[in-house]
Every structure is written in C-alpha cells, then in structure tokens.
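Structure data (mmCIF, C-alpha atoms) from model06.cif:
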data_protein
#
loop_
_atom_site.group_PDB
_atom_site.id
_atom_site.type_symbol
_atom_site.label_atom_id
_atom_site.label_comp_id
_atom_site.auth_asym_id
_atom_site.auth_seq_id
_atom_site.Cartn_x
_atom_site.Cartn_y
_atom_site.Cartn_z
ATOM 1 C CA MET A 1 58.318 -71.784 -190.414
ATOM 2 C CA ASP A 2 57.873 -71.980 -186.682
ATOM 3 C CA THR A 3 60.427 -73.343 -184.224
ATOM 4 C CA THR A 4 58.803 -76.759 -183.863
ATOM 5 C CA THR A 5 58.807 -77.373 -187.600
ATOM 6 C CA THR A 6 62.438 -76.318 -187.818
ATOM 7 C CA LEU A 7 63.450 -78.651 -184.977
ATOM 8 C CA VAL A 8 61.583 -81.572 -186.540
ATOM 9 C CA ALA A 9 63.227 -80.911 -189.908
ATOM 10 C CA VAL A 10 66.701 -80.729 -188.345
ATOM 11 C CA ALA A 11 66.061 -83.923 -186.364
ATOM 12 C CA ALA A 12 64.870 -85.723 -189.510
ATOM 13 C CA VAL A 13 67.943 -84.636 -191.476
ATOM 14 C CA LEU A 14 70.231 -85.690 -188.614
ATOM 15 C CA ALA A 15 68.505 -89.083 -188.316
ATOM 16 C CA ALA A 16 68.810 -89.614 -192.074
ATOM 17 C CA ALA A 17 72.511 -88.716 -191.983
ATOM 18 C CA LEU A 18 73.132 -91.126 -189.107
ATOM 19 C CA PHE A 19 71.274 -93.879 -190.965
ATOM 20 C CA VAL A 20 73.396 -93.307 -194.073
ATOM 21 C CA ALA A 21 76.569 -93.466 -191.958
ATOM 22 C CA ALA A 22 75.435 -96.700 -190.289
ATOM 23 C CA ALA A 23 74.493 -98.243 -193.645
ATOM 24 C CA TRP A 24 77.890 -97.254 -195.062
ATOM 25 C CA VAL A 25 79.693 -98.949 -192.154
ATOM 26 C CA LEU A 26 77.475 -102.030 -192.602
ATOM 27 C CA ILE A 27 78.422 -102.213 -196.293
ATOM 28 C CA ARG A 28 82.121 -101.870 -195.396
ATOM 29 C CA LEU A 29 81.757 -104.669 -192.851
ATOM 30 C CA VAL A 30 80.196 -107.024 -195.403
ATOM 31 C CA ARG A 31 82.743 -106.130 -198.101
ATOM 32 C CA THR A 32 85.669 -106.574 -195.713
ATOM 33 C CA ARG A 33 84.464 -110.003 -194.633
ATOM 34 C CA ARG A 34 83.881 -111.033 -198.243
ATOM 35 C CA GLY A 35 87.340 -109.813 -199.259
ATOM 36 C CA LEU A 36 89.041 -111.625 -196.389
ATOM 37 C CA ARG A 37 87.223 -114.863 -197.209
ATOM 38 C CA ARG A 38 88.165 -114.614 -200.900
ATOM 39 C CA ALA A 39 91.806 -114.112 -199.939
ATOM 40 C CA GLY A 40 91.678 -117.154 -197.668
ATOM 41 C CA LEU A 41 92.413 -115.113 -194.565
ATOM 42 C CA PRO A 42 90.696 -115.682 -191.211
ATOM 43 C CA THR A 43 87.632 -113.528 -190.676
ATOM 44 C CA GLY A 44 87.338 -113.848 -186.916
ATOM 45 C CA SER A 45 84.337 -115.137 -185.058
ATOM 46 C CA ARG A 46 81.172 -115.589 -187.068
ATOM 47 C CA TRP A 47 79.053 -114.531 -184.122
ATOM 48 C CA VAL A 48 80.698 -111.090 -184.078
ATOM 49 C CA PHE A 49 79.843 -110.514 -187.734
ATOM 50 C CA TRP A 50 76.291 -111.861 -187.568
ATOM 51 C CA GLY A 51 75.665 -110.269 -184.164
ATOM 52 C CA ALA A 52 76.604 -106.834 -185.512
ATOM 53 C CA ILE A 53 74.318 -107.265 -188.516
ATOM 54 C CA ALA A 54 71.455 -108.485 -186.318
ATOM 55 C CA TYR A 55 71.937 -105.539 -183.944
ATOM 56 C CA PHE A 56 71.731 -103.137 -186.874
ATOM 57 C CA LEU A 57 68.628 -104.747 -188.390
ATOM 58 C CA LEU A 58 66.613 -105.604 -185.267
ATOM 59 C CA PRO A 59 64.401 -102.865 -183.835
ATOM 60 C CA VAL A 60 65.551 -103.463 -180.226
ATOM 61 C CA ASP A 61 68.519 -101.182 -179.489
ATOM 62 C CA ALA A 62 70.253 -99.526 -176.581
ATOM 63 C CA LEU A 63 69.141 -96.185 -178.064
ATOM 64 C CA PRO A 64 65.961 -95.514 -180.048
ATOM 65 C CA ASP A 65 66.252 -96.246 -183.768
ATOM 66 C CA PRO A 66 66.420 -92.649 -185.054
ATOM 67 C CA VAL A 67 69.712 -92.406 -183.119
ATOM 68 C CA TYR A 68 72.091 -94.773 -184.931
ATOM 69 C CA LEU A 69 75.190 -93.986 -182.850
ATOM 70 C CA ASP A 70 75.028 -97.302 -180.989
ATOM 71 C CA ASP A 71 74.545 -99.197 -184.267
ATOM 72 C CA ILE A 72 77.545 -97.430 -185.786
ATOM 73 C CA GLY A 73 79.636 -98.305 -182.728
ATOM 74 C CA VAL A 74 78.705 -101.993 -182.850
ATOM 75 C CA LEU A 75 79.414 -102.161 -186.589
ATOM 76 C CA LEU A 76 82.786 -100.420 -186.174
ATOM 77 C CA LEU A 77 83.795 -102.838 -183.408
ATOM 78 C CA ALA A 78 82.863 -105.780 -185.632
ATOM 79 C CA LEU A 79 84.823 -104.269 -188.520
ATOM 80 C CA ARG A 80 87.827 -103.825 -186.242
ATOM 81 C CA SER A 81 87.625 -107.429 -185.056
ATOM 82 C CA LEU A 82 87.510 -108.675 -188.660
ATOM 83 C CA ARG A 83 90.609 -106.733 -189.602
ATOM 84 C CA ARG A 84 92.593 -108.029 -186.643
ATOM 85 C CA THR A 85 94.520 -111.217 -187.344
ATOM 86 C CA PRO A 86 94.535 -114.009 -184.729
ATOM 87 C CA GLY A 87 98.140 -113.264 -183.642
ATOM 88 C CA ASP A 88 97.575 -109.524 -183.229
ATOM 89 C CA SER A 89 97.137 -107.946 -179.865
ATOM 90 C CA PRO A 90 96.506 -104.275 -179.118
ATOM 91 C CA ASP A 91 99.892 -103.859 -177.386
ATOM 92 C CA GLY A 92 101.880 -105.720 -180.048
ATOM 93 C CA ALA A 93 102.843 -108.588 -177.681
ATOM 94 C CA GLY A 94 101.672 -111.206 -180.202
ATOM 95 C CA ALA A 95 103.924 -109.978 -182.980
ATOM 96 C CA VAL A 96 106.455 -112.466 -184.300
ATOM 97 C CA ASN A 97 109.710 -111.222 -185.813
#
Could you spell out this file's structure in structure tokens?
Amino acid sequence: MDTTTTLVAVAAVLAAALFVAAAWVLIRLVRTRRGLRRAGLPTGSRWVFWGAIAYFLLPVDALPDPVYLDDIGVLLLALRSLRRTPGDSPDGAGAVN
C-alpha cells in the first residue's frame, strides 16, 4: 500500500468513528428527552432539542460533514440543557434549601 492509500483509509476510519460517536450522542439525546417527558419533568426548550437534531441531519455545517466534531458539540450542549432543571444555574445560585 502506498502512502496516499494509507492516509485515505485512516481518514475513512476516523470519519466513521466520529459518525458513530455523533450518532450515539444523538440517540442519548432522544432517549433522555423521552425519559424526562415520561417522568413528567421539564425538558427545556423545544427549539434546542429540534435545533440540535436539525444541525446533525442537515448537510450545512460549520465543518465539512466527514468531521463530526461540531455535530457532537451541538448534541452534547443540547443534552446538557435537557438535563438541567429550570432552577439550576452553573454556579448553584438557583439552589433552594
């Protein structure tokens, strides 16, 4: 195998691994939202959830599609916003004792 073929093979494997990671985070996002809705808990803004899914599925991205790092970041931010309750704040100021 020459160097070009090796680089293409490595890039293809890396792109496939990033896609699998992004798909896994997408599945976690959907399952988390479904679980929160079944439990009757707030799920945060709908636009955050649907915006993250649209960003993952639409071909227009900040980075080209073989590089799913931006998709993973958007999905992780949406997952984080779903898991945060309305009274929570990052510094703990909204906590009620």
One-decimal distance in Å that lies between CA of Ala78 in chain A and CA of Val48 in chain A:
5.9 Å
At a cut-off of 12 Å, using all atoms listed in the file, what residues contact Val20 in chain A? Leave out same-chain residues fewer than 5 positions from it and give the result as a PDB file with C-alpha atoms, keeping the file's coordinate frame.
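Final output, saved to result-v1.pdb:
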ATOM      1  CA  VAL A  13      67.943 -84.636-191.476  1.00  0.00           C
ATOM      2  CA  LEU A  14      70.231 -85.690-188.614  1.00  0.00           C
ATOM      3  CA  ALA A  15      68.505 -89.083-188.316  1.00  0.00           C
ATOM      4  CA  VAL A  25      79.693 -98.949-192.154  1.00  0.00           C
ATOM      5  CA  LEU A  26      77.475-102.030-192.602  1.00  0.00           C
ATOM      6  CA  ILE A  27      78.422-102.213-196.293  1.00  0.00           C
ATOM      7  CA  PRO A  66      66.420 -92.649-185.054  1.00  0.00           C
ATOM      8  CA  VAL A  67      69.712 -92.406-183.119  1.00  0.00           C
ATOM      9  CA  TYR A  68      72.091 -94.773-184.931  1.00  0.00           C
ATOM     10  CA  LEU A  69      75.190 -93.986-182.850  1.00  0.00           C
ATOM     11  CA  ASP A  71      74.545 -99.197-184.267  1.00  0.00           C
ATOM     12  CA  ILE A  72      77.545 -97.430-185.786  1.00  0.00           C
TER      13      ILE A  72
END
The PyMOL selection byres ((chain A and resi 52-54) around 12) resolved against shown file, as an NGL selection string
:A and (22-23 or 25-30 or 45-51 or 55-61 or 70-82)
